[in-house]
$ cat coords_24.txt   # compact mmCIF, C-alpha atoms and all ligand atoms
# COMPACT_ATOMS: atom_id res chain seq x y z
CA MET A 1 98.38 48.44 96.85
CA TYR A 2 100.51 49.73 99.68
CA LEU A 3 98.58 50.89 102.76
CA ASP A 4 101.41 50.79 105.30
CA ASN A 5 102.70 54.36 105.13
CA ALA A 6 102.51 54.72 108.93
CA ALA A 7 105.40 52.22 109.09
CA THR A 8 107.40 53.54 106.12
CA SER A 9 106.28 55.46 103.05
CA PHE A 10 106.34 53.48 99.84
CA PRO A 11 106.89 54.01 97.00
CA ARG A 12 109.09 57.01 97.59
CA PRO A 13 108.94 59.91 95.16
CA GLU A 14 111.31 59.79 92.20
CA CYS A 15 113.16 62.92 93.38
CA VAL A 16 114.25 60.99 96.50
CA HIS A 17 115.75 58.14 94.44
CA VAL A 18 117.59 60.64 92.25
CA ALA A 19 118.97 62.63 95.21
CA VAL A 20 120.23 59.50 97.01
CA ALA A 21 121.93 58.17 93.86
CA GLN A 22 123.46 61.55 93.07
CA ALA A 23 124.90 61.87 96.60
CA MET A 24 126.34 58.34 96.38
CA ARG A 25 128.00 59.21 93.07
CA SER A 26 129.24 62.71 93.75
CA MET A 27 129.73 63.34 97.48
CA SER A 28 132.05 62.15 100.22
CA SER A 29 131.47 62.92 103.90
CA ALA A 30 130.29 66.17 105.41
CA GLY A 31 132.39 68.28 107.77
CA ARG A 32 135.57 66.25 107.40
CA ALA A 33 137.54 68.12 104.74
CA ALA A 34 137.57 71.35 102.75
CA HIS A 35 137.73 69.73 99.29
CA SER A 36 134.86 70.04 96.88
CA VAL A 37 133.28 66.59 97.24
CA ALA A 38 133.14 67.03 101.03
CA SER A 39 131.85 70.60 100.74
CA ALA A 40 128.99 69.40 98.55
CA ALA A 41 128.01 66.98 101.32
CA SER A 42 128.22 69.70 103.99
CA ALA A 43 126.01 71.92 101.84
CA VAL A 44 123.37 69.18 101.61
CA LEU A 45 123.28 68.85 105.41
CA GLN A 46 122.95 72.60 105.81
CA GLN A 47 120.18 72.82 103.19
CA CYS A 48 118.32 69.94 104.79
CA ARG A 49 118.46 71.55 108.24
CA THR A 50 117.13 74.81 106.78
CA ALA A 51 114.33 73.10 104.82
CA ALA A 52 113.34 70.95 107.82
CA ALA A 53 113.27 74.04 110.09
CA ARG A 54 110.90 75.71 107.61
CA LEU A 55 108.68 72.65 107.35
CA LEU A 56 108.43 72.04 111.10
CA HIS A 57 108.53 75.74 112.08
CA ALA A 58 111.43 74.87 114.36
CA PRO A 59 113.01 77.76 116.29
CA ALA A 60 116.50 77.36 114.73
CA ALA A 61 117.94 75.30 111.86
CA SER A 62 121.20 74.97 113.82
CA HIS A 63 119.25 73.13 116.54
CA ILE A 64 118.01 70.41 114.20
CA VAL A 65 119.98 67.22 114.67
CA PHE A 66 120.04 64.32 112.20
CA THR A 67 119.20 60.95 113.72
CA GLY A 68 118.84 57.44 112.31
CA ASN A 69 115.09 57.39 113.00
CA CYS A 70 112.50 58.76 115.41
CA THR A 71 113.49 56.18 118.05
CA GLU A 72 117.01 57.63 118.25
CA GLY A 73 115.66 61.16 118.71
CA LEU A 74 113.29 60.07 121.49
CA ASN A 75 116.03 58.06 123.22
CA THR A 76 118.45 60.99 123.00
CA VAL A 77 116.13 63.21 125.02
CA LEU A 78 114.86 60.53 127.44
CA LEU A 79 118.26 59.04 128.29
CA GLY A 80 120.15 62.32 128.03
CA LEU A 81 117.84 64.32 130.28
CA LEU A 82 116.26 62.13 132.95
CA GLN A 83 118.27 61.60 136.15
CA PRO A 84 117.68 59.39 139.22
CA GLY A 85 114.62 60.58 141.14
CA ASP A 86 113.15 62.56 138.19
CA HIS A 87 109.47 62.16 137.36
CA VAL A 88 108.37 61.64 133.75
CA LEU A 89 104.83 61.72 132.40
CA ALA A 90 103.94 59.71 129.29
CA SER A 91 100.82 57.79 128.25
CA THR A 92 99.43 54.39 127.41
CA LEU A 93 99.16 55.60 123.81
CA ASP A 94 102.91 55.68 123.47
CA HIS A 95 105.02 53.59 121.12
CA ASN A 96 107.66 51.22 122.47
CA SER A 97 110.30 53.74 121.42
CA VAL A 98 109.06 55.76 124.40
CA LEU A 99 107.83 52.95 126.67
CA ARG A 100 110.98 50.83 126.49
CA PRO A 101 113.49 53.58 127.33
CA LEU A 102 111.17 54.58 130.19
CA GLU A 103 111.06 50.98 131.41
CA PHE A 104 114.87 50.95 131.35
CA LEU A 105 115.11 54.31 133.14
CA THR A 106 112.65 53.17 135.80
CA ALA A 107 114.46 49.90 136.45
CA GLN A 108 118.07 51.06 136.07
CA ARG A 109 118.14 54.75 136.96
CA GLY A 110 115.38 55.17 139.51
CA VAL A 111 113.26 57.45 137.33
CA HIS A 112 109.56 57.65 138.33
CA ARG A 113 107.25 57.02 135.37
CA HIS A 114 103.57 58.03 135.23
CA LEU A 115 101.48 56.73 132.33
CA VAL A 116 98.26 58.67 131.75
CA SER A 117 95.40 56.70 130.18
CA PHE A 118 93.28 57.57 127.14
CA ASP A 119 89.63 57.19 126.25
CA PRO A 120 89.23 54.25 123.84
CA VAL A 121 86.21 55.93 122.19
CA THR A 122 87.62 59.40 121.49
CA GLY A 123 91.29 58.37 121.44
CA LEU A 124 92.12 61.40 123.59
CA LEU A 125 94.30 61.49 126.70
CA ASP A 126 92.44 61.79 129.98
CA GLN A 127 92.95 65.49 130.68
CA ASP A 128 91.89 65.27 134.36
CA GLU A 129 94.39 62.52 135.03
CA PHE A 130 97.02 64.48 133.10
CA GLN A 131 96.47 67.57 135.26
CA ARG A 132 96.28 65.58 138.52
CA THR A 133 99.61 63.92 137.76
CA LEU A 134 101.24 67.28 137.10
CA GLN A 135 99.79 68.67 140.33
CA ARG A 136 100.93 65.71 142.45
CA PHE A 137 104.46 65.21 141.13
CA PRO A 138 107.31 67.53 140.10
CA VAL A 139 107.34 66.27 136.52
CA ARG A 140 110.65 66.98 134.76
CA LEU A 141 109.54 65.82 131.30
CA THR A 142 106.18 65.21 129.63
CA VAL A 143 106.21 63.04 126.51
CA LEU A 144 103.34 63.68 124.11
CA ASN A 145 102.24 61.54 121.22
CA HIS A 146 101.19 63.93 118.43
CA ALA A 147 99.03 61.27 116.77
CA SER A 148 98.61 57.64 117.73
CA ASN A 149 100.04 55.08 115.33
CA VAL A 150 97.15 52.78 116.35
CA THR A 151 94.02 54.96 116.34
CA GLY A 152 95.39 57.81 114.21
CA ARG A 153 93.86 60.37 116.62
CA LEU A 154 95.63 63.73 116.87
CA GLN A 155 96.07 64.92 120.44
CA GLU A 156 95.37 68.42 121.69
CA VAL A 157 99.08 69.13 121.91
CA ALA A 158 98.97 72.91 122.36
CA TRP A 159 96.76 72.61 125.46
CA LEU A 160 98.69 69.64 126.87
CA THR A 161 102.01 71.44 126.34
CA ALA A 162 100.86 74.69 127.92
CA THR A 163 99.45 72.78 130.91
CA ALA A 164 102.64 70.74 131.38
CA GLN A 165 104.83 73.85 131.10
CA GLN A 166 102.67 75.75 133.63
CA HIS A 167 103.66 73.00 136.05
CA GLY A 168 107.35 73.43 135.21
CA SER A 169 107.70 70.39 132.94
CA LEU A 170 109.66 70.24 129.71
CA VAL A 171 107.78 68.71 126.75
CA LEU A 172 109.01 66.19 124.18
CA LEU A 173 106.74 65.64 121.17
CA ASP A 174 106.74 62.32 119.32
CA ALA A 175 105.81 63.51 115.82
CA ALA A 176 106.57 60.21 114.08
CA GLN A 177 103.06 60.02 112.61
CA THR A 178 102.53 63.68 111.80
CA ALA A 179 105.56 65.35 110.19
CA GLY A 180 104.77 65.63 106.49
CA HIS A 181 101.20 64.34 106.80
CA VAL A 182 99.84 67.06 109.04
CA GLU A 183 100.80 70.69 109.68
CA CYS A 184 103.41 70.34 112.43
CA HIS A 185 104.26 73.73 113.91
CA MET A 186 106.86 73.42 116.66
CA GLU A 187 106.72 77.13 117.60
CA GLN A 188 102.92 77.21 117.82
CA LEU A 189 102.73 73.95 119.74
CA GLY A 190 105.38 75.34 122.09
CA VAL A 191 107.20 72.05 122.71
CA ASP A 192 110.82 71.95 123.89
CA PHE A 193 111.89 68.92 121.82
CA LEU A 194 110.38 67.33 118.70
CA ALA A 195 111.45 63.97 117.31
CA THR A 196 110.31 62.49 114.03
CA SER A 197 111.21 59.96 111.34
CA GLY A 198 112.41 60.81 107.85
CA HIS A 199 110.90 57.68 106.30
CA LYS A 200 107.22 57.98 107.24
CA GLY A 201 105.14 61.10 106.42
CA LEU A 202 108.13 62.88 104.92
CA ALA A 203 108.66 59.99 102.45
CA GLY A 204 112.44 60.12 102.74
CA PRO A 205 114.81 57.14 102.99
CA GLN A 206 115.05 54.78 105.96
CA GLY A 207 117.95 55.58 108.27
CA THR A 208 116.90 59.22 108.57
CA GLY A 209 115.21 61.14 111.36
CA LEU A 210 115.16 64.61 112.90
CA LEU A 211 115.44 65.83 116.46
CA CYS A 212 114.63 69.53 116.95
CA PHE A 213 115.64 71.39 120.10
CA ARG A 214 114.40 74.67 121.44
CA PRO A 215 117.82 76.42 121.70
CA GLU A 216 117.53 77.07 125.44
CA SER A 217 116.69 73.38 126.11
CA GLN A 218 119.62 71.71 124.33
CA SER A 219 122.10 72.32 127.17
CA LEU A 220 119.88 70.21 129.49
CA VAL A 221 120.44 67.06 127.41
CA GLN A 222 123.61 64.94 127.43
CA PRO A 223 124.47 63.27 124.11
CA LEU A 224 124.01 59.51 123.67
CA LYS A 225 127.13 59.26 121.52
CA PHE A 226 130.53 60.90 121.83
CA GLY A 227 133.14 61.08 119.08
CA GLY A 228 134.47 62.86 116.03
CA THR A 229 132.49 65.78 114.72
CA GLY A 230 135.08 67.32 112.39
CA THR A 231 134.99 70.47 114.56
CA PHE A 232 136.98 71.55 117.66
CA SER A 233 139.22 68.54 116.98
CA GLU A 234 141.97 69.79 119.31
CA SER A 235 139.66 69.22 122.30
CA LEU A 236 139.01 65.84 123.91
CA GLN A 237 135.66 67.13 125.09
CA GLN A 238 132.47 66.73 123.10
CA PRO A 239 131.39 70.08 121.58
CA LEU A 240 128.73 71.75 123.69
CA THR A 241 126.87 73.37 120.82
CA CYS A 242 124.23 72.09 118.42
CA PRO A 243 124.21 70.28 116.10
CA GLU A 244 127.74 68.80 116.62
CA LYS A 245 127.03 67.93 120.26
CA PHE A 246 124.56 65.25 119.11
CA GLU A 247 126.07 64.27 115.73
CA SER A 248 129.20 62.24 116.41
CA GLY A 249 130.53 60.05 113.63
CA THR A 250 130.17 60.19 109.87
CA GLN A 251 126.72 61.29 108.79
CA ASN A 252 124.37 59.47 106.41
CA VAL A 253 124.89 61.86 103.49
CA PRO A 254 122.95 59.88 100.84
CA GLY A 255 120.04 59.45 103.27
CA ILE A 256 120.05 63.13 104.19
CA ALA A 257 120.25 64.12 100.50
CA GLY A 258 117.15 61.98 99.93
CA LEU A 259 115.49 63.51 102.97
CA LEU A 260 116.25 67.00 101.64
CA ALA A 261 114.50 66.16 98.35
CA ALA A 262 111.56 64.70 100.27
CA VAL A 263 111.26 67.75 102.55
CA GLN A 264 111.44 70.13 99.59
CA LEU A 265 108.67 68.18 97.85
CA THR A 266 106.56 68.24 101.03
CA LEU A 267 107.07 72.01 101.30
CA SER A 268 106.07 72.54 97.68
CA GLU A 269 102.91 70.42 98.06
CA SER A 270 102.28 71.74 101.63
CA PRO A 271 101.47 69.52 104.64
CA ALA A 272 98.03 71.15 104.87
CA SER A 273 97.04 69.93 101.41
CA ARG A 274 98.52 66.48 102.10
CA HIS A 275 96.45 66.37 105.28
CA ALA A 276 93.32 67.42 103.36
CA HIS A 277 93.88 64.52 100.97
CA LEU A 278 94.39 62.05 103.83
CA ILE A 279 91.22 63.33 105.51
CA GLU A 280 89.28 62.57 102.32
CA LEU A 281 90.78 59.08 102.11
CA THR A 282 90.15 58.26 105.79
CA ARG A 283 86.58 59.57 105.56
CA CYS A 284 85.98 57.18 102.66
CA LEU A 285 87.54 54.27 104.58
CA LEU A 286 85.57 54.99 107.76
CA ASN A 287 82.27 55.29 105.86
CA GLY A 288 82.82 52.08 103.93
CA LEU A 289 84.17 49.96 106.79
CA ARG A 290 81.51 50.97 109.30
CA ASP A 291 78.80 49.51 107.01
CA ILE A 292 80.38 46.04 107.26
CA PRO A 293 78.62 44.35 110.22
CA ALA A 294 81.59 42.24 111.42
CA VAL A 295 84.01 45.17 111.46
CA ARG A 296 84.79 47.00 114.70
CA LEU A 297 86.54 50.30 114.10
CA LEU A 298 89.14 51.48 116.62
CA THR A 299 89.59 54.82 114.91
CA PRO A 300 87.04 57.49 115.93
CA ASN A 301 84.79 58.77 113.15
CA ILE A 302 86.32 62.26 112.96
CA PRO A 303 88.52 62.28 109.83
CA GLU A 304 89.68 65.89 110.38
CA GLN A 305 91.22 64.87 113.73
CA LEU A 306 93.18 61.95 112.28
CA CYS A 307 96.62 61.65 110.71
CA GLY A 308 95.64 59.24 107.92
CA ILE A 309 95.32 55.99 109.90
CA VAL A 310 92.28 53.70 110.17
CA SER A 311 92.47 50.61 112.40
CA PHE A 312 89.87 47.90 112.90
CA VAL A 313 89.24 44.27 113.73
CA ILE A 314 86.97 41.72 112.08
CA ASP A 315 85.04 39.89 114.82
CA GLY A 316 86.44 36.45 115.52
CA MET A 317 89.41 36.79 113.14
CA ASP A 318 93.03 37.16 114.09
CA SER A 319 94.36 40.41 112.63
CA SER A 320 97.45 38.83 111.13
CA ASP A 321 95.23 36.35 109.24
CA VAL A 322 93.27 39.27 107.77
CA ALA A 323 96.51 40.99 106.71
CA MET A 324 97.81 37.77 105.16
CA VAL A 325 94.66 37.31 103.04
CA LEU A 326 94.77 40.99 102.06
CA ASP A 327 98.35 40.56 100.84
CA GLN A 328 98.09 37.15 99.21
CA THR A 329 94.61 37.32 97.68
CA PHE A 330 94.04 41.04 97.14
CA ASP A 331 97.61 42.35 96.81
CA ILE A 332 96.98 44.92 99.55
CA GLN A 333 99.86 45.51 101.98
CA CYS A 334 98.99 46.75 105.46
CA ARG A 335 100.16 46.21 109.03
CA ALA A 336 98.51 43.92 111.55
CA GLY A 337 99.45 43.22 115.17
CA LEU A 338 100.28 45.45 118.11
CA HIS A 339 102.09 48.18 116.13
CA CYS A 340 104.73 48.39 118.91
CA ALA A 341 102.07 50.01 121.13
CA PRO A 342 100.97 47.19 123.47
CA LEU A 343 99.35 49.41 126.11
CA ALA A 344 97.18 51.13 123.51
CA HIS A 345 95.91 47.74 122.37
CA GLU A 346 95.29 46.73 125.98
CA THR A 347 93.04 49.80 126.42
CA LEU A 348 91.29 49.16 123.11
CA GLY A 349 90.63 45.52 124.11
CA THR A 350 92.38 44.13 121.05
CA LEU A 351 95.06 41.92 122.60
CA ALA A 352 92.91 38.79 122.10
CA SER A 353 92.42 39.47 118.39
CA GLY A 354 96.18 39.72 117.86
CA GLY A 355 95.97 43.51 117.79
CA ALA A 356 94.30 45.20 114.84
CA VAL A 357 94.48 45.67 111.10
CA ARG A 358 95.82 49.12 110.22
CA PHE A 359 95.26 50.87 106.89
CA SER A 360 97.56 53.87 106.43
CA PRO A 361 97.28 55.42 102.98
CA GLY A 362 99.86 57.91 101.80
CA PRO A 363 99.88 61.13 99.78
CA TRP A 364 99.73 59.20 96.52
CA SER A 365 96.89 56.82 97.46
CA THR A 366 93.56 57.41 95.72
CA LEU A 367 89.85 57.15 96.56
CA ASP A 368 89.64 54.20 94.16
CA ASP A 369 92.31 52.44 96.26
CA MET A 370 90.17 53.00 99.38
CA GLN A 371 87.13 51.55 97.63
CA THR A 372 89.11 48.47 96.61
CA ALA A 373 90.36 48.02 100.20
CA ILE A 374 86.80 48.29 101.60
CA GLU A 375 85.53 45.71 99.09
CA ALA A 376 88.37 43.36 100.07
CA ILE A 377 87.46 43.63 103.77
CA ASP A 378 83.79 43.08 102.95
CA ALA A 379 84.68 39.92 101.01
CA ILE A 380 86.95 38.59 103.81
CA ALA A 381 84.31 39.30 106.50
CA ARG A 382 81.56 37.58 104.44
CA GLU A 383 83.73 34.54 103.76
CA PHE A 384 84.50 34.15 107.47
CA HIS A 385 81.02 34.81 108.91
C1 LIG B 401 104.23 57.02 117.28
C2 LIG B 401 105.57 56.46 116.88
N1 LIG B 401 106.65 56.82 117.56
C3 LIG B 401 107.88 56.36 117.22
C4 LIG B 401 108.05 55.50 116.18
C5 LIG B 401 109.43 55.01 115.84
O1 LIG B 401 109.82 55.50 114.59
P1 LIG B 401 111.14 54.96 113.88
O2 LIG B 401 110.80 53.62 113.33
O3 LIG B 401 111.45 55.97 112.82
O4 LIG B 401 112.20 54.89 114.90
C6 LIG B 401 106.94 55.09 115.44
C7 LIG B 401 107.07 54.12 114.34
O5 LIG B 401 106.15 53.50 113.90
C8 LIG B 401 105.66 55.60 115.80
O6 LIG B 401 104.57 55.25 115.12
$ encode --input "coords_24.txt" --output "structure tokens"
Amino acid sequence: MYLDNAATSFPRPECVHVAVAQAMRSMSSAGRAAHSVASAASAVLQQCRTAAARLLHAPAASHIVFTGNCTEGLNTVLLGLLQPGDHVLASTLDHNSVLRPLEFLTAQRGVHRHLVSFDPVTGLLDQDEFQRTLQRFPVRLTVLNHASNVTGRLQEVAWLTATAQQHGSLVLLDAAQTAGHVECHMEQLGVDFLATSGHKGLAGPQGTGLLCFRPESQSLVQPLKFGGTGTFSESLQQPLTCPEKFESGTQNVPGIAGLLAAVQLTLSESPASRHAHLIELTRCLLNGLRDIPAVRLLTPNIPEQLCGIVSFVIDGMDSSDVAMVLDQTFDIQCRAGLHCAPLAHETLGTLASGGAVRFSPGPWSTLDDMQTAIEAIDAIAREFH
């Protein structure tokens, strides 16, 4: 039983397998030639941009850029925007794909980083500290975590974005844990940039991701990569317009074909109904796990405000030992450890227990699966205590 969808969705829907195989068999590379096998590839990229813009309510399909993963999208904005002396606001909830580029920018480029803390009980950012930081410093960019990959808690992004923008800051949303699992409405949230993975909530192939720009914000960001785009080839300068500006080199056509199938399936099922299903599953997990005396939940008991993640520790046990027993004895696959979010675990007080055990069901998990997982944790906790 696979409960590690927050890392990568598995199994992927059949339509994704079919689309990847079909692209491998029948398409060459997009944007490089006018012949039919190249045109088919270009059409897939165009359709995927359009479908992704619909799903994420992005301002313009032409301003959706394909990336290799969410990390690449986040790095593109962080490294392409922030200059020496700039101030950036992020938080201790953030993933290393935000924290590590910021560490680099602080050490190598003289960028000033401010990390706002969060409340370990509610999982929410400290709004007073957030506002104080914006009042004290001329923050160029605010990075928001839509939902934590450790606690699963959704942040109040619309309020945080409006507040940051009132202080003149641009906003980058890390939607790695929400796109596909939760209604993710870029226009309503008002963010300037949104980065996400193709292989998590969207259930597409690895090696895919999306970076969405508000059209007026793209000119502020320098590309990470320069090279062939198949357009404006007479010029030695990188194109200045989206998406070519950020898409140098041959694109991952089979991956994007798979992502298109995954996005179309998500649209047909609707993120709202997927979220409703995940809420039901997380409610079941929270109710069952909280009755086990040795279990300490890190996820707040508000299923509607979660993205389908439940994390916990068993008193006295190392989290990776729990995950190993779950895999080897109960055939349940989940993720233990620090989940690439060391500062979140520091705040939650889980560094000594080797981080936490994280259950992340997916759209095709069932209530029976949740019951089986709860019984497995009950058995492990009883055996140990
Ligand atoms: C909150 C968050 N941000 C960013 C990432 C990085 O995503 P990717 O592995 O697609 O680069 C992850 C992956 O787990 C994540 O959970």
$ closest_atom_pairs --input "coords_24.txt" --of "chain A" --to "ligand LIG 401 (chain B)" --cutoff "8 Å" --atoms "only C-alpha atoms and all ligand atoms" --output "tab-separated table"
residue	atom	partner	partner_atom	distance
A:Ala6	CA	B:LIG401	O5	6.3
A:Ala7	CA	B:LIG401	O5	5.0
A:Thr8	CA	B:LIG401	O5	7.9
A:Gly68	CA	B:LIG401	O3	7.6
A:Asn69	CA	B:LIG401	O3	3.9
A:Cys70	CA	B:LIG401	O4	3.9
A:Thr71	CA	B:LIG401	O4	3.6
A:Glu72	CA	B:LIG401	O4	6.5
A:Leu74	CA	B:LIG401	C3	7.8
A:Asp94	CA	B:LIG401	C1	6.5
A:His95	CA	B:LIG401	N1	5.1
A:Asn96	CA	B:LIG401	C3	7.4
A:Ser97	CA	B:LIG401	C3	5.5
A:Val98	CA	B:LIG401	C3	7.3
A:Asn145	CA	B:LIG401	C1	6.3
A:His146	CA	B:LIG401	C1	7.6
A:Ala147	CA	B:LIG401	C1	6.7
A:Ser148	CA	B:LIG401	C1	5.7
A:Asn149	CA	B:LIG401	O6	4.5
A:Val150	CA	B:LIG401	O6	7.9
A:Asp174	CA	B:LIG401	N1	5.8
A:Ala175	CA	B:LIG401	C1	6.8
A:Ala176	CA	B:LIG401	C2	4.8
A:Gln177	CA	B:LIG401	O6	5.6
A:Thr196	CA	B:LIG401	O3	6.7
A:Ser197	CA	B:LIG401	O3	4.3
A:Gly198	CA	B:LIG401	O3	7.0
A:His199	CA	B:LIG401	O3	6.8
A:Lys200	CA	B:LIG401	O3	7.3
A:Gln206	CA	B:LIG401	O3	7.8
A:Gly207	CA	B:LIG401	O3	7.9
A:Thr208	CA	B:LIG401	O3	7.6
A:Gly209	CA	B:LIG401	O3	6.6
A:His339	CA	B:LIG401	O5	7.1
A:Cys340	CA	B:LIG401	O5	7.3
$ residues_around --input "coords_24.txt" --residues "range 242-253 of chain A" --least-positions-apart "6" --cutoff "6 Å" --atoms "only C-alpha atoms" --output "list in words"
His63, Val65, Pro223, Phe226, Gly227, Gly228 and Thr229 of chain A
$ closest_residue --input "coords_24.txt" --among "A:Ile302, A:Val263, A:Leu173, A:Val310" --to "Arg49 in chain A" --atoms "all atoms listed in the file"
A:Val263
$ closest_residue --input "coords_24.txt" --among "A:Val357, A:Ala376, A:Val77, A:Ile309" --to "Gly152 in chain A" --atoms "only C-alpha atoms"
A:Ile309
$ residues_near_point --input "coords_24.txt" --point "(95.5, 39.6, 114.0)" --cutoff "10 Å" --atoms "all atoms listed in the file" --output "PyMOL selection string"
chain A and resi 313-314+316-324+335-338+350-357
$ closest_residue --input "coords_24.txt" --among "A:Cys212, A:Leu160, A:Cys15, A:Leu93" --to "Ala341 in chain A" --atoms "only C-alpha atoms"
A:Leu93
$ atom_distance --input "coords_24.txt" --atom1 "CA of Val157 in chain A" --atom2 "CA of Leu189 in chain A"
6.4 Å
$ closest_atom_pairs --input "coords_24.txt" --of "range 148-263 of chain A" --to "range 20-31 of chain A" --cutoff "6 Å" --atoms "all atoms listed in the file" --output "JSON lines"
{"residue": "A:Gly230", "atom": "CA", "partner": "A:Gly31", "partner_atom": "CA", "distance": 5.4}
{"residue": "A:Pro254", "atom": "CA", "partner": "A:Val20", "partner_atom": "CA", "distance": 4.7}
{"residue": "A:Ala257", "atom": "CA", "partner": "A:Val20", "partner_atom": "CA", "distance": 5.8}
{"residue": "A:Gly258", "atom": "CA", "partner": "A:Val20", "partner_atom": "CA", "distance": 4.9}
$ atom_distance --input "coords_24.txt" --atom1 "CA of Leu3 in chain A" --atom2 "CA of Ala179 in chain A"
17.7 Å
$ atom_distance --input "coords_24.txt" --atom1 "CA of Gln131 in chain A" --atom2 "CA of Phe193 in chain A"
20.5 Å
$ residues_around --input "coords_24.txt" --residues "Leu79 in chain A" --least-positions-apart "5" --cutoff "9 Å" --atoms "all atoms listed in the file" --output "number ranges by chain"
A: 74, 101-102, 105, 221-224
$ write_last_selection --input "coords_24.txt" --atoms "C-alpha atoms" --output "PDB file, keeping the file's coordinate frame"
ATOM      1  CA  LEU A  74     113.290  60.070 121.490  1.00  0.00           C
ATOM      2  CA  PRO A 101     113.490  53.580 127.330  1.00  0.00           C
ATOM      3  CA  LEU A 102     111.170  54.580 130.190  1.00  0.00           C
ATOM      4  CA  LEU A 105     115.110  54.310 133.140  1.00  0.00           C
ATOM      5  CA  VAL A 221     120.440  67.060 127.410  1.00  0.00           C
ATOM      6  CA  GLN A 222     123.610  64.940 127.430  1.00  0.00           C
ATOM      7  CA  PRO A 223     124.470  63.270 124.110  1.00  0.00           C
ATOM      8  CA  LEU A 224     124.010  59.510 123.670  1.00  0.00           C
TER       9      LEU A 224
END
$ closest_residue --input "coords_24.txt" --among "A:Gly308, A:Gln127, A:Asp291, A:Pro361" --to "Gln333 in chain A" --atoms "only C-alpha atoms"
A:Pro361
$ residues_around --input "coords_24.txt" --residues "Arg109 in chain A" --least-positions-apart "5" --cutoff "10 Å" --atoms "only C-alpha atoms" --output "short mmCIF file (atom, residue, chain, number, x, y, z; two decimals) with C-alpha atoms, in the frame of the given file"
data_model
loop_
_atom_site.label_atom_id
_atom_site.label_comp_id
_atom_site.auth_asym_id
_atom_site.auth_seq_id
_atom_site.Cartn_x
_atom_site.Cartn_y
_atom_site.Cartn_z
CA LEU A 79 118.26 59.04 128.29
CA LEU A 82 116.26 62.13 132.95
CA GLN A 83 118.27 61.60 136.15
CA PRO A 84 117.68 59.39 139.22
CA GLY A 85 114.62 60.58 141.14
CA ASP A 86 113.15 62.56 138.19
CA LEU A 102 111.17 54.58 130.19
CA GLU A 103 111.06 50.98 131.41
CA PHE A 104 114.87 50.95 131.35
#
$ residues_around --input "coords_24.txt" --residues "His167 in chain A" --least-positions-apart "2" --cutoff "12 Å" --atoms "only C-alpha atoms" --output "PyMOL selection string"
chain A and resi 89+130-142+160-165+169-171
$ closest_residue --input "coords_24.txt" --among "A:Gly123, A:Thr106, A:Thr50, A:His277" --to "Leu298 in chain A" --atoms "all atoms listed in the file"
A:Gly123
$ residues_around --input "coords_24.txt" --residues "range 292-294 of chain A" --least-positions-apart "5" --cutoff "9 Å" --atoms "only C-alpha atoms" --output "MDAnalysis selection string"
chainID A and resid 313:316 374 377:378 381:382 385
$ axis_aligned_box --input "coords_24.txt" --around "range 364-373 of chain A" --padding-each-side "3 Å" --output "lines of an AutoDock Vina configuration file"
center_x = 93.4
center_y = 53.6
center_z = 97.2
size_x = 18.6
size_y = 17.2
size_z = 12.0
$ closest_residue --input "coords_24.txt" --among "A:Gly349, A:Pro239, A:Gly288, A:Pro13" --to "Asn301 in chain A" --atoms "all atoms listed in the file"
A:Gly288
